Structures are given as structure tokens and as C-alpha cells.
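Asker: Okay, handing you the structure first.
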Amino acid sequence: YDYSGYGWKLTNMLIGPRGTFHYPLVDKLDTYAGLLLGYHVVSWKYTGNWGGIDQNSTGNSVYFSGFIGARYYFSKNFGVYIELGSGSLGLANLGVSLKF
């Protein structure tokens, strides 16, 4: 983002494997729980005079989290899913599942 000489750039990346345990509770509903162990890479850079704010910073760390989810298949190859927990992109994720 840049506005009249002031701006910032944020990089937020999570790298690591996820493992899941699937347990079917209902027909066509794939329920699962899992763990993520990874490395969280965060960096930011400010441009302009922000009154003493550090212009470049990083905050990298080892990351461990758990999550639960469910995937419902409308057909053999198409479904929707929801995940709760911080296993990937956010505290709650919604999406579409495709099987090929």
C-alpha cells in the first residue's frame, strides 16, 4: 500500500506439513481433526516518516496448531468443507472440495 509517500508492505507466510485423522460419522460427511507443525514467516516494511516506527521488522517463529473440519460431498467428485482452528489460513475456513 502506498499513499502520498507513506505506505507499508506485509508478508505473512506459513510453511509446514499438516496431518489429519479422518473419522466418518455420517454418510457423505468426511469429519477430521489434525495438527500443523510449521514455520511462520512475518515481515513488514514501512515507507515514509511514521514518527519513530521501525522501518523494517521481522517476526519469524516455529508454529504449532490444531484444527477440526468436515467435508460434505454432494456427488462423488464435488463437496464443500469447513475448518475451525488455526490449521492454515485463518480461524475459520470455508471452501469447495474437488476429487479427480
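Labels used: A, B, ... for chains in the order of the C-alpha cells, numbers from 1 for residues in each chain, and numbers from 1 for ligands as shown.
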So that each row is one residue of stretch 11-73 of chain A with an atom at most 7 Å from stretch 83-99 of chain A, can you give its shortest atom pair and the distance in Å to one decimal, using only C-alpha atoms, rows by chain and rising number, as a Markdown table?
Answerer:
| residue | atom | partner | partner_atom | distance |
| --- | --- | --- | --- | --- |
| A:Leu35 | CA | A:Gly87 | CA | 6.9 |
| A:Leu36 | CA | A:Gly87 | CA | 5.8 |
| A:Ser65 | CA | A:Gly87 | CA | 5.9 |
| A:Gly66 | CA | A:Gly87 | CA | 5.7 |
| A:Phe67 | CA | A:Gly85 | CA | 4.3 |
| A:Ile68 | CA | A:Leu84 | CA | 5.5 |
| A:Gly69 | CA | A:Glu83 | CA | 4.1 |
| A:Ala70 | CA | A:Glu83 | CA | 6.6 |
Asker: Just how far from atom CA of A:His22 is atom CA of A:Leu37, in Å to one decimal?
Answerer: 18.2 Å
Asker: Between A:Lys45, A:Lys9, A:Arg71, A:Arg18, single out the one closest to A:Tyr32, counting only C-alpha atoms.
Answerer: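 With only C-alpha atoms as the atom set, the closest residue is A:Arg71.
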Asker: Any idea what the distance is between atom CA of A:Leu14 and atom CA of A:Gly59?
Answerer: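 Pair atom CA of A:Leu14 / atom CA of A:Gly59 returns 12.1 Å.
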Asker: Atom CA of A:Gly38 to atom CA of A:Trp8: how many Å, to one decimal?
Answerer: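 Pair atom CA of A:Gly38 / atom CA of A:Trp8 returns 25.8 Å.
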Asker: So, counting only C-alpha atoms, which residue among A:Phe78, A:Tyr46, A:Phe100, A:Tyr72 is closest to A:Leu25?
Answerer: A:Tyr72
Asker: Quick one: residues within 6 Å of A:Trp44, only C-alpha atoms, excluding same-chain residues fewer than 6 positions away - as a list in words?
Answerer: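 Result of the neighbour search: Lys9, Leu10, Asn56 and Ser57 of chain A.
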Asker: Using DSSP on the backbone, list every residue of chain A that comes out as strand (DSSP E or B), and give them as an NGL selection string.
Answerer: :A and (2-3 or 6-15 or 18-22 or 26 or 29-47 or 56-58 or 61-73 or 78-85 or 92-98)
